[in-house]
Protein chains: 2
Amino acid sequence: MTRRGSYAKGLAKREEILDAALEVVAREGYRGTSVREISAASGLSQAGLMHHFASKDELFTEILRRRDEIDMALIASDPDIRALEAFPLAIKHNTEVPGLVHLYVCFSAEATAPQHVARAFFIERFARLQELLVEDIRARQATGELPVGLNAQSAAGSLIAMADGLQTQWLLNPNIDMAAHVIETISSWRKHD
Amino acid sequence: MTRRGSYAKGLAKREEILDAALEVVAREGYRGTSVREISAASGLSQAGLMHHFASKDELFTEILRRRDEIDMALIASDPDIRALEAFPLAIKHNTEVPGLVHLYVCFSAEATAPQHVARAFFIERFARLQELLVEDIRARQATGELPVGLNAQSAAGSLIAMADGLQTQWLLNPNIDMAAHVIETISSWRKHD
DNA sequence: GTCTATATTCAGATAGAC
DNA sequence: GTCTATCTGAATATAGAC
């Protein structure tokens with residue numbers, strides 16, 4: 001599968017770079033992070049790094065894509081963990097990586113610009129995440145766990161929005177319990193008409 | 001009050017710069033906006049602009065502070081408009097100024113960095129906004145309009161978070177009705193235990 | 001795949017004249 | 001209060017050797 005090891009090595013180096021990038025962002029903040037610093041932290045020159053990622057934006061996009069894959073694997077791994085359980089779990093896990101959270105809030109905000117290269121990534125990401133939550137909500141409506149009067153699309157969108165907004169508040173005040181807010185909101189759905 | 005007109009003129013120029021800055025951000029996006037471009041749009045040189053604002057970050061902070069003041073004036077002006085009414089109204093109004101929304105989501109995200117000059121501004125802003133909503137929620141609990149079982153602090157924080165998160169989603173997909181989501185959530189509070 | 005070296009562009013800030 | 005001119009520094013990206 002790995003062609004004479006070089007492919008696997010290239011992948012390993014990519015992972016190393018992504019990890020180093022997170023470290024630097026956590027230390028310096030999103031704005032203060034240059035590709036040069038990331039390359040230094042990965043034991044590479046800047047040009048060496050640019051061999052693996054075409055641009056800084058692509059590098060950051062890949063970091064967030066990888067996080068999503070890890071979070072998705074969480075849902076897939078355990079049949080007892082469905083979207084509405086996995087969502088607050090992922091949020092709780094984020095608490096351990098404030099640098100990643102900072103990267104996410106900054107980059108997703110910037111990416112809303114019409115010409116931004118990561119715009120499509122976030123549009124698709126939001127759609128997929130919402131779809132996942134909507135499916136789980138509908139399944140629970142079918143079993144009677146959640147009331148059918150609840151608008152699944154709207155509730156899912158609101159929940160995602162809340163989780164995103166909480167990240168900014170949490171970065172400003174780490175006493176805020178993001179997961180608790182989200183869990184409380186999901187619980188409140190049960191009281192819906 | 002205005003000392004021989006020069007003070008008033010200085011203020012007018014400041015306003016002009018803030019308006020021009022919004023235009024440029026709306027056109028170029030937050031990231032692509034330089035002080036030079038803003039100064040050009042205000043009919044000033046860069047140095048001329050820097051006479052009014054010590055730094056780019058201060059300029060952006062002032063734009064957002066001014067918006068808040070306008071929104072606050074809305075609540076104060078009409079006794080029938082209390083915080084829970086004013087909040088979705090302000091959100092609806094934001095729909096007309098996507099550039100300002102983009103500036104807000106980007107700048108508030110960046111400002112969460114520990115050393116950022118606008119960090120204190122946003123910490124205070126969130127606290128004030130939450131306080132305003134909490135007061136109104138409690139008042140409505142006292143009249144029986146909202147159930148006393150509702151945690152006012154938590155509900156207010158969640159509502160603000162949702163509104164912030166919705167702005168990112170709306171910038172990616174303008175079909176989303178931010179105000180409707182917020183109003184729906186406030187309505188759902190009435191069904192709380 | 002990684003390096004050195006550099007191209008290119010552009011940023012925010014300041015000095016000092018008017 | 002505003003200008004011209006410039007400083008100073010940084011960023012991303014690329015060319016080409018090894």
# chains A, B, ... in the order shown; residues from 1 in each chain; ligands from 1
>>> closest_atom_pairs(of="chain D", to="chain B", cutoff="12 Å", atoms="only C-alpha atoms (C1' of nucleotides)", output="Markdown table")
| residue | atom | partner | partner_atom | distance |
| --- | --- | --- | --- | --- |
| D:DG1 | C1' | B:Gly48 | CA | 7.3 |
| D:DT2 | C1' | B:Gly48 | CA | 5.3 |
| D:DC3 | C1' | B:Ser45 | CA | 7.2 |
| D:DT4 | C1' | B:Ser45 | CA | 9.3 |
| D:DA5 | C1' | B:Ala47 | CA | 10.8 |
| D:DT6 | C1' | B:Ala47 | CA | 11.9 |
>>> write_last_selection(atoms="all heavy atoms", output="short mmCIF file (atom, residue, chain, number, x, y, z; two decimals), in the first residue's frame")
data_model
loop_
_atom_site.label_atom_id
_atom_site.label_comp_id
_atom_site.auth_asym_id
_atom_site.auth_seq_id
_atom_site.Cartn_x
_atom_site.Cartn_y
_atom_site.Cartn_z
P DG D 1 -8.27 68.32 15.20
OP1 DG D 1 -9.48 67.68 15.54
OP2 DG D 1 -6.98 68.02 15.74
"O5'" DG D 1 -8.25 68.28 13.58
"C5'" DG D 1 -7.45 69.30 13.04
"C4'" DG D 1 -7.31 69.06 11.58
"O4'" DG D 1 -5.99 69.49 11.16
"C3'" DG D 1 -7.38 67.61 11.12
"O3'" DG D 1 -7.78 67.67 9.77
"C2'" DG D 1 -5.94 67.14 11.28
"C1'" DG D 1 -5.19 68.37 10.84
N9 DG D 1 -3.89 68.61 11.48
C8 DG D 1 -3.48 68.30 12.74
N7 DG D 1 -2.24 68.67 12.99
C5 DG D 1 -1.82 69.28 11.81
C6 DG D 1 -0.57 69.87 11.46
O6 DG D 1 0.43 70.00 12.16
N1 DG D 1 -0.58 70.37 10.16
C2 DG D 1 -1.66 70.29 9.31
N2 DG D 1 -1.50 70.82 8.10
N3 DG D 1 -2.83 69.73 9.63
C4 DG D 1 -2.83 69.24 10.88
P DT D 2 -8.25 66.41 8.94
OP1 DT D 2 -9.45 66.78 8.17
OP2 DT D 2 -8.29 65.28 9.88
"O5'" DT D 2 -7.07 66.20 7.92
"C5'" DT D 2 -6.83 67.21 6.94
"C4'" DT D 2 -5.43 67.06 6.40
"O4'" DT D 2 -4.45 67.38 7.41
"C3'" DT D 2 -5.05 65.66 5.93
"O3'" DT D 2 -5.22 65.57 4.51
"C2'" DT D 2 -3.59 65.51 6.35
"C1'" DT D 2 -3.23 66.86 6.93
N1 DT D 2 -2.26 66.79 8.06
C2 DT D 2 -1.01 67.34 7.88
O2 DT D 2 -0.66 67.88 6.85
N3 DT D 2 -0.17 67.23 8.96
C4 DT D 2 -0.46 66.63 10.17
O4 DT D 2 0.39 66.60 11.06
C5 DT D 2 -1.78 66.07 10.29
C7 DT D 2 -2.19 65.39 11.55
C6 DT D 2 -2.62 66.18 9.23
P DC D 3 -4.66 64.33 3.71
OP1 DC D 3 -5.44 64.25 2.46
OP2 DC D 3 -4.63 63.18 4.63
"O5'" DC D 3 -3.18 64.76 3.36
"C5'" DC D 3 -2.96 65.93 2.58
"C4'" DC D 3 -1.46 66.20 2.46
"O4'" DC D 3 -0.94 66.47 3.78
"C3'" DC D 3 -0.66 65.03 1.94
"O3'" DC D 3 -0.46 65.17 0.54
"C2'" DC D 3 0.66 65.12 2.69
"C1'" DC D 3 0.39 66.02 3.87
N1 DC D 3 0.53 65.33 5.18
C2 DC D 3 1.74 65.46 5.89
O2 DC D 3 2.66 66.13 5.39
N3 DC D 3 1.88 64.83 7.09
C4 DC D 3 0.86 64.12 7.59
N4 DC D 3 1.03 63.55 8.78
C5 DC D 3 -0.37 63.98 6.89
C6 DC D 3 -0.49 64.58 5.70
P DT D 4 0.10 63.93 -0.27
OP1 DT D 4 -0.28 64.13 -1.69
OP2 DT D 4 -0.31 62.69 0.43
"O5'" DT D 4 1.68 64.07 -0.11
"C5'" DT D 4 2.35 65.31 -0.36
"C4'" DT D 4 3.84 65.12 -0.07
"O4'" DT D 4 4.06 64.92 1.35
"C3'" DT D 4 4.46 63.90 -0.75
"O3'" DT D 4 5.77 64.24 -1.20
"C2'" DT D 4 4.49 62.85 0.34
"C1'" DT D 4 4.73 63.69 1.58
N1 DT D 4 4.16 63.12 2.84
C2 DT D 4 4.95 63.06 3.97
O2 DT D 4 6.11 63.44 4.00
N3 DT D 4 4.33 62.53 5.07
C4 DT D 4 3.03 62.07 5.16
O4 DT D 4 2.59 61.62 6.20
C5 DT D 4 2.26 62.17 3.93
C7 DT D 4 0.84 61.70 3.92
C6 DT D 4 2.84 62.68 2.84
P DA D 5 6.59 63.23 -2.11
OP1 DA D 5 7.37 64.02 -3.06
OP2 DA D 5 5.68 62.16 -2.59
"O5'" DA D 5 7.58 62.58 -1.05
"C5'" DA D 5 8.13 63.40 -0.01
"C4'" DA D 5 8.86 62.50 0.97
"O4'" DA D 5 7.94 62.07 2.01
"C3'" DA D 5 9.40 61.21 0.33
"O3'" DA D 5 10.77 61.11 0.65
"C2'" DA D 5 8.56 60.10 0.92
"C1'" DA D 5 8.13 60.69 2.25
N9 DA D 5 6.87 60.15 2.76
C8 DA D 5 5.72 59.90 2.06
N7 DA D 5 4.74 59.41 2.79
C5 DA D 5 5.27 59.34 4.06
C6 DA D 5 4.75 58.91 5.29
N6 DA D 5 3.51 58.46 5.43
N1 DA D 5 5.57 58.98 6.38
C2 DA D 5 6.80 59.45 6.23
N3 DA D 5 7.41 59.88 5.12
C4 DA D 5 6.58 59.79 4.06
P DT D 6 11.65 59.88 0.07
OP1 DT D 6 12.97 60.39 -0.28
OP2 DT D 6 10.84 59.11 -0.91
"O5'" DT D 6 11.78 59.01 1.40
"C5'" DT D 6 11.88 59.69 2.65
"C4'" DT D 6 11.69 58.70 3.77
"O4'" DT D 6 10.28 58.43 4.01
"C3'" DT D 6 12.33 57.33 3.49
"O3'" DT D 6 13.21 57.06 4.56
"C2'" DT D 6 11.15 56.38 3.44
"C1'" DT D 6 10.16 57.07 4.35
N1 DT D 6 8.74 56.67 4.17
C2 DT D 6 8.00 56.33 5.28
O2 DT D 6 8.45 56.35 6.42
N3 DT D 6 6.70 55.96 5.03
C4 DT D 6 6.08 55.91 3.80
O4 DT D 6 4.91 55.58 3.70
C5 DT D 6 6.91 56.28 2.67
C7 DT D 6 6.34 56.24 1.28
C6 DT D 6 8.18 56.63 2.91
#
>>> interface_residues(of="chain C", to="chain A", cutoff="8 Å", atoms="only C-alpha atoms (C1' of nucleotides)", output="PyMOL selection string")
chain C and resi 1-3
>>> interface_residues(of="chain A", to="chain B", cutoff="8 Å", atoms="only C-alpha atoms", output="PyMOL selection string")
chain A and resi 29-31+102+105-106+108-110+112-114+119+122-123+126+154+158-166+168-169+171-173+181+188+191-193
>>> write_last_selection(atoms="N, CA and C atoms", output="compact mmCIF listing (two decimals), in the first residue's frame")
# COMPACT_ATOMS: atom_id res chain seq x y z
N GLY A 29 -1.17 32.64 19.12
CA GLY A 29 -2.43 33.12 18.59
C GLY A 29 -2.46 33.01 17.08
N TYR A 30 -3.66 33.03 16.54
CA TYR A 30 -3.82 32.84 15.10
C TYR A 30 -3.14 33.95 14.31
N ARG A 31 -3.38 35.16 14.72
CA ARG A 31 -2.87 36.29 13.97
C ARG A 31 -1.35 36.33 13.95
N HIS A 102 -9.15 28.52 19.04
CA HIS A 102 -8.86 29.86 18.54
C HIS A 102 -8.68 29.86 17.02
N VAL A 105 -12.26 29.50 15.42
CA VAL A 105 -13.14 30.68 15.41
C VAL A 105 -12.60 31.76 14.46
N CYS A 106 -11.29 31.95 14.45
CA CYS A 106 -10.72 32.96 13.55
C CYS A 106 -10.85 32.56 12.09
N SER A 108 -12.74 30.25 10.57
CA SER A 108 -14.10 30.12 10.05
C SER A 108 -14.69 31.51 9.82
N ALA A 109 -14.34 32.46 10.66
CA ALA A 109 -14.84 33.83 10.49
C ALA A 109 -14.26 34.44 9.21
N GLU A 110 -12.96 34.35 9.05
CA GLU A 110 -12.32 34.90 7.86
C GLU A 110 -12.83 34.25 6.59
N THR A 112 -15.56 33.34 5.70
CA THR A 112 -16.86 33.75 5.19
C THR A 112 -16.75 34.79 4.08
N ALA A 113 -15.56 35.36 3.90
CA ALA A 113 -15.37 36.32 2.81
C ALA A 113 -15.61 35.63 1.47
N PRO A 114 -16.28 36.35 0.54
CA PRO A 114 -16.71 35.72 -0.72
C PRO A 114 -15.60 35.01 -1.49
N ARG A 119 -13.77 29.00 2.02
CA ARG A 119 -15.21 29.23 2.15
C ARG A 119 -16.01 27.96 1.85
N PHE A 122 -16.03 25.36 4.63
CA PHE A 122 -16.91 25.61 5.78
C PHE A 122 -18.38 25.47 5.41
N ILE A 123 -18.74 25.89 4.21
CA ILE A 123 -20.13 25.70 3.77
C ILE A 123 -20.47 24.21 3.82
N PHE A 126 -20.57 22.86 7.56
CA PHE A 126 -21.79 23.19 8.29
C PHE A 126 -22.95 22.33 7.81
N SER A 154 -34.12 23.53 12.09
CA SER A 154 -33.89 24.77 12.82
C SER A 154 -33.16 24.52 14.14
N SER A 158 -29.49 25.95 15.15
CA SER A 158 -29.33 26.77 16.35
C SER A 158 -28.31 26.18 17.30
N LEU A 159 -28.29 24.85 17.41
CA LEU A 159 -27.36 24.19 18.32
C LEU A 159 -25.91 24.39 17.85
N ILE A 160 -25.70 24.26 16.56
CA ILE A 160 -24.36 24.46 16.01
C ILE A 160 -23.93 25.91 16.24
N ALA A 161 -24.85 26.83 15.96
CA ALA A 161 -24.54 28.25 16.15
C ALA A 161 -24.17 28.52 17.61
N MET A 162 -24.93 27.97 18.51
CA MET A 162 -24.66 28.18 19.92
C MET A 162 -23.28 27.66 20.30
N ALA A 163 -22.98 26.47 19.85
CA ALA A 163 -21.67 25.88 20.17
C ALA A 163 -20.54 26.76 19.63
N ASP A 164 -20.71 27.29 18.43
CA ASP A 164 -19.68 28.15 17.85
C ASP A 164 -19.54 29.44 18.66
N GLY A 165 -20.66 30.05 18.96
CA GLY A 165 -20.62 31.29 19.72
C GLY A 165 -20.03 31.10 21.10
N LEU A 166 -20.31 29.96 21.69
CA LEU A 166 -19.78 29.68 23.03
C LEU A 166 -18.26 29.60 23.02
N THR A 168 -16.13 31.42 21.37
CA THR A 168 -15.57 32.77 21.54
C THR A 168 -15.70 33.22 23.00
N GLN A 169 -16.88 33.01 23.56
CA GLN A 169 -17.08 33.40 24.96
C GLN A 169 -16.14 32.64 25.90
N LEU A 171 -13.19 31.37 25.16
CA LEU A 171 -11.82 31.83 25.01
C LEU A 171 -11.59 33.11 25.81
N LEU A 172 -12.65 33.89 25.96
CA LEU A 172 -12.54 35.13 26.75
C LEU A 172 -12.71 34.85 28.24
N ASN A 173 -13.42 33.77 28.55
CA ASN A 173 -13.67 33.42 29.95
C ASN A 173 -13.79 31.90 30.10
N HIS A 181 -23.89 24.03 28.58
CA HIS A 181 -24.88 24.85 27.87
C HIS A 181 -25.56 24.04 26.76
N SER A 188 -33.76 20.78 26.97
CA SER A 188 -34.95 21.63 26.91
C SER A 188 -35.85 21.25 25.74
N LYS A 191 -39.01 19.28 26.41
CA LYS A 191 -40.18 19.95 26.97
C LYS A 191 -40.97 20.69 25.90
N HIS A 192 -40.47 20.58 24.68
CA HIS A 192 -41.16 21.25 23.57
C HIS A 192 -42.56 20.67 23.42
N ASP A 193 -43.48 21.50 22.91
CA ASP A 193 -44.91 21.11 22.81
C ASP A 193 -45.12 19.68 22.29
>>> closest_residue(among="B:Ala8, B:Leu18, B:Val35, B:Met50", to="DC10 (chain C)", atoms="only C-alpha atoms (C1' of nucleotides)")
B:Val35
>>> atom_distance(atom1="CA of Gln153 (chain A)", atom2="CA of Ala139 (chain A)")
13.0 Å
>>> atom_distance(atom1="CA of Glu16 (chain A)", atom2="C1' of DA17 (chain D)")
25.8 Å
>>> residues_around(residues="DT8 (chain C)", least_positions_apart="6", cutoff="10 Å", atoms="only C-alpha atoms (C1' of nucleotides)", output="list of chain:residue names")
D:DT12, D:DA13, D:DT14
>>> write_last_selection(atoms="C-alpha atoms (C1' of nucleotides)", output="short mmCIF file (atom, residue, chain, number, x, y, z; two decimals), in the first residue's frame")
data_model
loop_
_atom_site.label_atom_id
_atom_site.label_comp_id
_atom_site.auth_asym_id
_atom_site.auth_seq_id
_atom_site.Cartn_x
_atom_site.Cartn_y
_atom_site.Cartn_z
"C1'" DT D 12 4.07 34.39 1.50
"C1'" DA D 13 5.83 32.34 -2.27
"C1'" DT D 14 9.28 30.63 -5.58
#
>>> residues_around(residues="region 84-89 of chain B", least_positions_apart="2", cutoff="7 Å", atoms="only C-alpha atoms (C1' of nucleotides)", output="compact mmCIF listing (two decimals) with N, CA and C atoms, in the first residue's frame")
# COMPACT_ATOMS: atom_id res chain seq x y z
N ILE B 75 -32.79 50.49 22.54
CA ILE B 75 -33.48 50.02 23.74
C ILE B 75 -33.95 51.19 24.58
N ILE B 81 -39.74 48.60 23.85
CA ILE B 81 -38.68 47.72 23.34
C ILE B 81 -37.69 47.44 24.47
N ARG B 82 -37.81 46.26 25.04
CA ARG B 82 -36.87 45.85 26.08
C ARG B 82 -35.85 44.91 25.46
N ILE B 91 -30.33 42.20 15.40
CA ILE B 91 -29.85 41.14 14.50
C ILE B 91 -30.42 41.34 13.10
N LYS B 92 -31.70 41.65 13.06
CA LYS B 92 -32.34 41.89 11.76
C LYS B 92 -31.68 43.07 11.04
N HIS B 93 -31.38 44.09 11.81
CA HIS B 93 -30.75 45.27 11.23
C HIS B 93 -29.36 44.96 10.68
N LEU B 133 -29.72 41.26 29.11
CA LEU B 133 -30.69 40.20 28.83
C LEU B 133 -31.16 39.54 30.12
N ASP B 136 -33.80 41.58 31.85
CA ASP B 136 -35.11 41.50 31.20
C ASP B 136 -35.76 40.14 31.43
N ALA B 179 -32.75 36.24 12.81
CA ALA B 179 -33.72 36.76 13.78
C ALA B 179 -34.79 35.72 14.10
N VAL B 182 -33.54 33.23 16.61
CA VAL B 182 -33.45 33.80 17.95
C VAL B 182 -34.84 33.93 18.57
N ILE B 183 -35.78 34.43 17.78
CA ILE B 183 -37.15 34.59 18.28
C ILE B 183 -37.75 33.24 18.66
>>> select_by_dssp(residues="region 70-178 of chain A", states="helix (DSSP H, G or I)", output="PyMOL selection string")
chain A and resi 70-77+83-94+98-110+119-142+152-172+178
